[in-house]
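S.K.: This is protein_14.cif, which holds mmCIF, C-alpha atoms:
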```cif
data_upload
loop_
_atom_site.group_PDB
_atom_site.id
_atom_site.type_symbol
_atom_site.label_atom_id
_atom_site.label_comp_id
_atom_site.auth_asym_id
_atom_site.auth_seq_id
_atom_site.Cartn_x
_atom_site.Cartn_y
_atom_site.Cartn_z
ATOM 1 C CA LEU A 6 -83.276 37.521 14.093
ATOM 2 C CA PHE A 7 -84.342 34.895 11.562
ATOM 3 C CA SER A 8 -84.037 31.870 13.843
ATOM 4 C CA ARG A 9 -86.652 29.153 13.358
ATOM 5 C CA GLY A 10 -86.135 27.962 16.923
ATOM 6 C CA TYR A 11 -84.588 24.577 16.152
ATOM 7 C CA SER A 12 -82.756 23.160 19.175
ATOM 8 C CA PRO A 13 -79.012 22.350 19.055
ATOM 9 C CA GLU A 14 -79.913 18.661 19.375
ATOM 10 C CA ARG A 15 -82.244 18.774 16.355
ATOM 11 C CA LEU A 16 -79.697 20.702 14.310
ATOM 12 C CA TYR A 17 -76.926 18.252 15.199
ATOM 13 C CA LYS A 18 -79.096 15.320 14.081
ATOM 14 C CA SER A 19 -79.977 17.075 10.816
ATOM 15 C CA ARG A 20 -76.356 17.959 10.131
ATOM 16 C CA THR A 21 -75.294 14.366 10.742
ATOM 17 C CA GLU A 22 -77.908 13.105 8.281
ATOM 18 C CA TYR A 23 -76.816 15.719 5.737
ATOM 19 C CA ASP A 24 -73.177 14.661 6.097
ATOM 20 C CA GLU A 25 -74.228 11.091 5.310
ATOM 21 C CA PHE A 26 -75.837 12.304 2.080
ATOM 22 C CA ILE A 27 -72.587 14.131 1.244
ATOM 23 C CA LEU A 28 -70.602 10.921 1.760
ATOM 24 C CA TYR A 29 -73.003 9.060 -0.535
ATOM 25 C CA VAL A 30 -72.686 11.680 -3.291
ATOM 26 C CA ASP A 31 -68.894 11.684 -2.877
ATOM 27 C CA ARG A 32 -68.759 7.922 -3.358
ATOM 28 C CA GLU A 33 -71.007 8.021 -6.427
ATOM 29 C CA PHE A 34 -69.025 10.859 -7.992
ATOM 30 C CA GLY A 35 -65.879 8.799 -7.356
ATOM 31 C CA ARG A 36 -67.428 5.909 -9.287
ATOM 32 C CA LEU A 37 -68.287 8.248 -12.169
ATOM 33 C CA HIS A 38 -64.796 9.746 -12.224
ATOM 34 C CA ASP A 39 -63.161 6.310 -12.178
ATOM 35 C CA TYR A 40 -65.266 5.252 -15.160
ATOM 36 C CA LEU A 41 -64.439 8.414 -17.122
ATOM 37 C CA GLU A 42 -60.751 7.973 -16.364
ATOM 38 C CA GLN A 43 -60.606 4.274 -17.227
ATOM 39 C CA SER A 44 -62.532 4.764 -20.467
ATOM 40 C CA GLY A 45 -60.195 7.535 -21.628
ATOM 41 C CA ILE A 46 -62.965 10.138 -21.789
ATOM 42 C CA LEU A 47 -61.073 12.431 -19.406
ATOM 43 C CA ASP A 48 -58.276 12.780 -21.969
ATOM 44 C CA ASN A 49 -60.355 15.350 -23.878
ATOM 45 C CA THR A 50 -63.232 16.235 -21.531
ATOM 46 C CA TRP A 51 -63.665 18.961 -18.942
ATOM 47 C CA VAL A 52 -65.568 17.858 -15.829
ATOM 48 C CA VAL A 53 -66.963 20.317 -13.272
ATOM 49 C CA LEU A 54 -68.471 19.507 -9.871
ATOM 50 C CA THR A 55 -70.360 22.319 -8.167
ATOM 51 C CA SER A 56 -73.678 23.059 -6.458
ATOM 52 C CA ASP A 57 -76.366 25.717 -6.229
ATOM 53 C CA HIS A 58 -76.282 26.370 -2.471
ATOM 54 C CA GLY A 59 -75.232 24.958 0.879
ATOM 55 C CA GLU A 60 -77.216 24.171 4.009
ATOM 56 C CA LEU A 61 -77.274 25.849 7.427
ATOM 57 C CA PHE A 62 -77.546 23.895 10.678
ATOM 58 C CA GLU A 63 -76.933 26.572 13.284
ATOM 59 C CA ARG A 64 -78.425 29.737 14.816
ATOM 60 C CA GLY A 65 -81.760 27.919 15.132
ATOM 61 C CA ILE A 66 -81.950 27.567 11.333
ATOM 62 C CA ARG A 67 -82.192 24.311 9.388
ATOM 63 C CA GLY A 68 -81.647 24.160 5.628
ATOM 64 C CA HIS A 69 -81.274 26.932 3.056
ATOM 65 C CA LEU A 70 -84.721 28.552 2.941
ATOM 66 C CA THR A 71 -83.633 31.400 5.182
ATOM 67 C CA SER A 72 -83.209 35.150 4.878
ATOM 68 C CA THR A 73 -79.618 34.898 6.107
ATOM 69 C CA LEU A 74 -76.612 34.386 3.857
ATOM 70 C CA HIS A 75 -74.138 32.921 6.324
ATOM 71 C CA GLN A 76 -71.177 30.972 4.967
ATOM 72 C CA PRO A 77 -72.725 27.476 5.153
ATOM 73 C CA VAL A 78 -75.482 28.650 2.782
ATOM 74 C CA ILE A 79 -73.393 30.478 0.185
ATOM 75 C CA ARG A 80 -70.213 28.370 0.074
ATOM 76 C CA VAL A 81 -70.450 25.579 -2.493
ATOM 77 C CA PRO A 82 -67.951 23.059 -3.885
ATOM 78 C CA LEU A 83 -66.149 23.878 -7.115
ATOM 79 C CA MET A 84 -63.857 21.240 -8.582
ATOM 80 C CA ILE A 85 -62.655 21.519 -12.180
ATOM 81 C CA PHE A 86 -61.022 18.515 -13.827
ATOM 82 C CA GLU A 87 -58.885 19.696 -16.737
ATOM 83 C CA PRO A 88 -58.047 17.248 -19.546
ATOM 84 C CA GLY A 89 -54.530 15.908 -19.129
ATOM 85 C CA ARG A 90 -53.900 17.397 -15.674
ATOM 86 C CA GLU A 91 -52.388 14.853 -13.300
ATOM 87 C CA THR A 92 -51.553 17.027 -10.284
ATOM 88 C CA ARG A 93 -53.929 18.829 -7.935
ATOM 89 C CA LYS A 94 -53.957 22.637 -7.754
ATOM 90 C CA ASP A 95 -55.791 24.519 -4.996
ATOM 91 C CA VAL A 96 -56.997 28.071 -5.694
ATOM 92 C CA HIS A 97 -58.050 30.249 -2.753
ATOM 93 C CA THR A 98 -59.232 33.337 -4.659
ATOM 94 C CA PRO A 99 -62.882 34.240 -3.881
ATOM 95 C CA THR A 100 -65.040 33.234 -6.811
ATOM 96 C CA SER A 101 -68.672 33.168 -7.852
ATOM 97 C CA ALA A 102 -70.838 30.673 -9.712
ATOM 98 C CA ILE A 103 -71.304 33.250 -12.484
ATOM 99 C CA ASP A 104 -67.587 32.864 -13.306
ATOM 100 C CA LEU A 105 -68.015 29.278 -14.454
ATOM 101 C CA LEU A 106 -69.630 30.004 -17.848
ATOM 102 C CA PRO A 107 -66.998 32.471 -19.130
ATOM 103 C CA THR A 108 -64.261 30.167 -17.855
ATOM 104 C CA LEU A 109 -65.565 27.159 -19.777
ATOM 105 C CA MET A 110 -66.082 29.302 -22.875
ATOM 106 C CA GLN A 111 -62.471 30.476 -22.787
ATOM 107 C CA VAL A 112 -60.890 27.054 -22.217
ATOM 108 C CA THR A 113 -62.968 25.654 -25.093
ATOM 109 C CA GLY A 114 -61.944 28.464 -27.440
ATOM 110 C CA GLN A 115 -65.193 30.421 -27.537
ATOM 111 C CA GLU A 116 -65.821 34.147 -27.186
ATOM 112 C CA LYS A 117 -67.619 35.434 -24.101
ATOM 113 C CA PRO A 118 -70.961 37.058 -25.037
ATOM 114 C CA ASP A 119 -71.630 40.612 -23.857
ATOM 115 C CA TRP A 120 -74.466 39.461 -21.582
ATOM 116 C CA VAL A 121 -72.199 37.234 -19.483
ATOM 117 C CA GLU A 122 -71.481 38.890 -16.115
ATOM 118 C CA GLY A 123 -68.759 36.611 -14.735
ATOM 119 C CA GLU A 124 -64.997 36.626 -15.262
ATOM 120 C CA VAL A 125 -62.539 33.884 -16.130
ATOM 121 C CA LEU A 126 -61.497 31.938 -13.050
ATOM 122 C CA PRO A 127 -57.912 31.641 -11.964
ATOM 123 C CA PRO A 128 -55.760 29.834 -12.972
ATOM 124 C CA PHE A 129 -57.282 29.975 -16.483
ATOM 125 C CA THR A 130 -57.017 33.741 -17.045
ATOM 126 C CA GLN A 131 -54.068 33.439 -19.512
ATOM 127 C CA GLY A 132 -53.572 37.157 -19.941
ATOM 128 C CA HIS A 133 -57.226 38.028 -19.428
ATOM 129 C CA PRO A 134 -57.999 40.259 -16.449
ATOM 130 C CA ALA A 135 -58.680 38.289 -13.283
ATOM 131 C CA ARG A 136 -62.178 38.473 -11.829
ATOM 132 C CA ASP A 137 -63.064 41.385 -9.570
ATOM 133 C CA ASN A 138 -62.400 40.485 -5.945
ATOM 134 C CA ARG A 139 -65.994 41.361 -5.049
ATOM 135 C CA VAL A 140 -68.456 38.523 -4.637
ATOM 136 C CA TYR A 141 -72.173 39.283 -4.349
ATOM 137 C CA ALA A 142 -75.086 37.082 -3.351
ATOM 138 C CA LEU A 143 -78.765 37.952 -3.134
ATOM 139 C CA GLN A 144 -81.681 36.427 -1.252
ATOM 140 C CA ALA A 145 -84.983 37.844 -2.472
ATOM 141 C CA ARG A 146 -87.200 34.793 -2.796
ATOM 142 C CA ARG A 147 -90.376 36.722 -1.940
ATOM 143 C CA THR A 148 -89.837 39.198 -4.799
ATOM 144 C CA ASN A 149 -91.860 38.483 -7.935
ATOM 145 C CA THR A 150 -90.031 38.298 -11.245
ATOM 146 C CA GLY A 151 -90.105 41.586 -13.120
ATOM 147 C CA TYR A 152 -90.482 43.773 -10.028
ATOM 148 C CA PRO A 153 -87.962 45.856 -8.043
ATOM 149 C CA ILE A 154 -86.471 44.235 -4.968
ATOM 150 C CA TYR A 155 -87.950 45.889 -1.895
ATOM 151 C CA GLU A 156 -87.263 43.041 0.533
ATOM 152 C CA GLY A 157 -84.173 40.895 0.660
ATOM 153 C CA THR A 158 -80.632 40.252 1.809
ATOM 154 C CA VAL A 159 -77.556 41.328 -0.140
ATOM 155 C CA MET A 160 -74.137 39.917 0.709
ATOM 156 C CA LEU A 161 -70.807 41.410 -0.330
ATOM 157 C CA VAL A 162 -67.432 39.725 0.216
ATOM 158 C CA LYS A 163 -64.345 41.849 -0.421
ATOM 159 C CA ASP A 164 -60.805 42.072 0.979
ATOM 160 C CA GLY A 165 -61.411 39.407 3.605
ATOM 161 C CA TYR A 166 -64.576 41.009 4.985
ATOM 162 C CA LYS A 167 -68.202 40.076 4.475
ATOM 163 C CA MET A 168 -71.275 42.233 4.921
ATOM 164 C CA MET A 169 -74.911 41.139 4.959
ATOM 165 C CA TYR A 170 -77.439 43.910 4.377
ATOM 166 C CA TYR A 171 -81.050 43.087 5.300
ATOM 167 C CA PHE A 172 -83.867 45.371 4.207
ATOM 168 C CA GLY A 173 -87.644 45.428 3.934
ATOM 169 C CA TYR A 174 -88.392 42.473 6.213
ATOM 170 C CA GLU A 175 -91.300 42.732 8.649
ATOM 171 C CA GLU A 176 -89.012 41.316 11.334
ATOM 172 C CA LEU A 177 -86.929 44.511 11.167
ATOM 173 C CA GLU A 178 -89.971 46.494 12.311
ATOM 174 C CA ASP A 179 -89.338 50.258 12.363
ATOM 175 C CA ASN A 180 -85.610 50.008 11.608
ATOM 176 C CA GLY A 181 -86.170 49.003 8.004
ATOM 177 C CA GLU A 182 -82.660 47.598 7.646
ATOM 178 C CA MET A 183 -79.946 45.702 9.485
ATOM 179 C CA VAL A 184 -76.236 45.172 8.820
ATOM 180 C CA GLU A 185 -73.810 42.453 9.856
ATOM 181 C CA LEU A 186 -70.064 42.649 9.154
ATOM 182 C CA TYR A 187 -67.572 39.806 9.641
ATOM 183 C CA ASP A 188 -63.839 39.298 9.177
ATOM 184 C CA ILE A 189 -64.278 35.922 7.504
ATOM 185 C CA GLU A 190 -60.541 35.297 7.167
ATOM 186 C CA ASN A 191 -59.978 35.404 10.932
ATOM 187 C CA ASP A 192 -63.556 34.628 11.976
ATOM 188 C CA PRO A 193 -64.821 32.057 9.428
ATOM 189 C CA GLU A 194 -67.618 30.949 11.770
ATOM 190 C CA GLU A 195 -69.039 34.503 11.739
ATOM 191 C CA LEU A 196 -69.252 34.773 15.515
ATOM 192 C CA ASN A 197 -68.074 38.377 15.963
ATOM 193 C CA ASN A 198 -70.242 41.021 14.304
ATOM 194 C CA LEU A 199 -68.010 44.064 13.651
ATOM 195 C CA TYR A 200 -70.850 46.402 12.729
ATOM 196 C CA SER A 201 -70.391 48.680 15.735
ATOM 197 C CA THR A 202 -66.564 48.806 15.656
ATOM 198 C CA GLN A 203 -65.680 49.116 11.945
ATOM 199 C CA LYS A 204 -67.755 52.081 10.812
ATOM 200 C CA GLY A 205 -65.448 52.934 7.912
ATOM 201 C CA ILE A 206 -65.703 49.459 6.383
ATOM 202 C CA VAL A 207 -69.438 49.344 7.076
ATOM 203 C CA ASP A 208 -70.038 52.648 5.262
ATOM 204 C CA GLU A 209 -67.866 51.590 2.304
ATOM 205 C CA PHE A 210 -69.507 48.196 1.881
ATOM 206 C CA LYS A 211 -73.018 49.526 2.414
ATOM 207 C CA GLY A 212 -72.455 52.194 -0.217
ATOM 208 C CA GLU A 213 -71.371 49.579 -2.753
ATOM 209 C CA ILE A 214 -74.311 47.320 -1.905
ATOM 210 C CA LEU A 215 -76.860 50.125 -2.269
ATOM 211 C CA GLU A 216 -75.328 51.170 -5.585
ATOM 212 C CA LYS A 217 -75.445 47.590 -6.860
ATOM 213 C CA LEU A 218 -79.026 47.192 -5.683
ATOM 214 C CA SER A 219 -79.994 50.420 -7.432
ATOM 215 C CA ASP A 220 -78.462 49.171 -10.700
ATOM 216 C CA VAL A 221 -80.321 45.866 -10.411
ATOM 217 C CA ASN A 222 -83.660 47.558 -9.696
ATOM 218 C CA GLU A 223 -83.399 50.286 -12.356
ATOM 219 C CA PRO A 224 -84.910 48.303 -15.278
ATOM 220 C CA TYR A 225 -88.019 47.518 -13.195
ATOM 221 C CA LEU A 226 -88.808 50.949 -11.778
#
```
What's the structure tokens form of this structure?

M.R.:
Amino acid sequence: LFSRGYSPERLYKSRTEYDEFILYVDREFGRLHDYLEQSGILDNTWVVLTSDHGELFERGIRGHLTSTLHQPVIRVPLMIFEPGRETRKDVHTPTSAIDLLPTLMQVTGQEKPDWVEGEVLPPFTQGHPARDNRVYALQARRTNTGYPIYEGTVMLVKDGYKMMYYFGYEELEDNGEMVELYDIENDPEELNNLYSTQKGIVDEFKGEILEKLSDVNEPYL
């Protein structure tokens, strides 16, 4: 629905160029890490590598300025280098960027303020409740600050499924909304939309999304 009409050939070229940028950043971060390690700074310093968004080179879309929230846009790197750790540990629990602040506050011995929304990331929970398994993302770039969100895309990931709820876009015409549902554990490329075959999951996820959206909009109504 939100295709910009880019050809597969153009998208392949753009993706190749983007991958070259990734390789460059990887090499430069390696140089930084080597310096920190050799200088001894890593002995008492936490280092975090993450990003704000990904890029999409498929479905006729190029980049991240899109109304969709497919996996290439919302998945970002998250690497945490803990002082003194010498072995790698992979964590596969769904997380959100908002979890980073409370995590760093806990590992540095600080209290989490009431206004912080995120939860402590595994494996740093240390008796604290693990983060909720729900992960939300919102695309509402045409909504002005201080106003309710009447046009946008809300994504919810939970229990291995992912829903994208589109609403308010002119492209939706008379429908007013559109839903996509994917089993991202077994269909990570999001090729099989389960909207028409998983009505129970669709209703459950949509209900949670609408409730969350209502909570977000309430202060601006």

S.K.: Spell out the residues picked by the PyMOL selection byres ((chain A and resi 103) around 8) here, as a list in words.

M.R.: Ser101, Ala102, Asp104, Leu105, Leu106, Pro107, Glu122, Gly123 and Glu124 of chain A

S.K.: Can you list, as JSON, numbers by chain, every protein, DNA or RNA residue that comes within 10 Å of segment 83-97 of chain A when you count only C-alpha atoms, leaving out same-chain residues fewer than 4 positions away?

M.R.: {"A": [38, 46, 47, 48, 49, 50, 51, 52, 53, 54, 55, 56, 101, 102, 105, 109, 112, 126, 127, 128]}

S.K.: Quick one: pull the distance between atom CA of Asn222 of chain A and atom CA of Asn180 of chain A, Å, one decimal.

M.R.: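 It comes out at 21.5 Å.
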
S.K.: Please provide as an mmCIF file with C-alpha atoms, keeping the file's coordinate frame all residues within 7 Å of His69 of chain A, with the sequence filter that same-chain residues fewer than 4 positions apart are discarded (counting all atoms listed in the file).

M.R.:
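Wrote out05.cif, looks like this:
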```cif
data_model
loop_
_atom_site.group_PDB
_atom_site.id
_atom_site.type_symbol
_atom_site.label_atom_id
_atom_site.label_comp_id
_atom_site.auth_asym_id
_atom_site.auth_seq_id
_atom_site.Cartn_x
_atom_site.Cartn_y
_atom_site.Cartn_z
ATOM 1 C CA GLY A 59 -75.232 24.958 0.879
ATOM 2 C CA GLU A 60 -77.216 24.171 4.009
ATOM 3 C CA LEU A 61 -77.274 25.849 7.427
ATOM 4 C CA VAL A 78 -75.482 28.650 2.782
#
```

S.K.: Name every residue that the PyMOL selection byres ((chain A and resi 70) around 12) selects in this structure, writing the answer as a list in words with chains first and numbers rising.

M.R.: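 On the file shown, the PyMOL selection byres ((chain A and resi 70) around 12) covers Phe7, Ser8, Arg9, His58, Gly59, Glu60, Leu61, Phe62, Ile66, Arg67, Gly68, His69, Thr71, Ser72, Thr73, Leu74, His75, Val78, Ile79, Gln144, Ala145, Arg146 and Arg147 of chain A.
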
S.K.: Please compute the atom CA of Val121 of chain A-atom CA of Thr150 of chain A distance, one decimal, in Å.

M.R.: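 So the two atoms, atom CA of Val121 of chain A and atom CA of Thr150 of chain A, lie 19.7 Å apart.
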
S.K.: Between A:Pro82, A:Leu37, A:Glu209, A:Arg139, single out the one closest to Asp57 of chain A, counting only C-alpha atoms.

M.R.: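 Result for the nearest residue to Asp57 of chain A: A:Pro82.
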
S.K.: Using all atoms listed in the file, which residue out of A:Glu178, A:Asp24, A:Glu156, A:Asp39 lies closest to Leu218 of chain A?

M.R.: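 Of A:Glu178, A:Asp24, A:Glu156, A:Asp39, the one nearest Leu218 of chain A, counting all atoms listed in the file, is A:Glu156.
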
S.K.: What does the distance between atom CA of Val140 of chain A and atom CA of Lys167 of chain A come to in Å, to one decimal place?

M.R.: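 Separation between atom CA of Val140 of chain A and atom CA of Lys167 of chain A: 9.2 Å.
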
S.K.: Hey, can you pull every residue with an atom no more than 7 Å from (-88.2, 39.9, 10.4), using all atoms listed in the file, and send it as a CSV table (one decimal) with C-alpha atoms, in the frame of the given file?

M.R.:
```
chain,number,residue,atom,x,y,z
A,6,LEU,CA,-83.3,37.5,14.1
A,7,PHE,CA,-84.3,34.9,11.6
A,174,TYR,CA,-88.4,42.5,6.2
A,175,GLU,CA,-91.3,42.7,8.6
A,176,GLU,CA,-89.0,41.3,11.3
A,177,LEU,CA,-86.9,44.5,11.2
```

S.K.: For the PyMOL selection byres ((chain A and resi 169-172) around 6), applied here, can you spell out every residue it catches as a PyMOL selection string?

M.R.: chain A and resi 156-160+168+173-174+181-185

S.K.: Go through A:Pro13, A:Pro153, A:Gly165, A:Gly45 one by one, measure the shortest atom-to-atom distance of each to Asp192 of chain A using all atoms listed in the file, and give the residue with the smallest value.

M.R.: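 Counting all atoms listed in the file, the residue closest to Asp192 of chain A is A:Gly165.
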
S.K.: Identify which of the residues A:Gly10, A:Tyr155, A:Glu195, A:Tyr23 lies closest to Leu215 of chain A, counting all atoms listed in the file when measuring atom-to-atom distances.

M.R.: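 For Leu215 of chain A, the nearest of the candidates is A:Tyr155.
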
S.K.: Please check which residues have atoms at most 8 Å from (-67.0, 39.7, 4.9) in the file's coordinates, counting all atoms listed in the file, and write them as a ChimeraX atom specification.

M.R.: /A:161-168,186-189
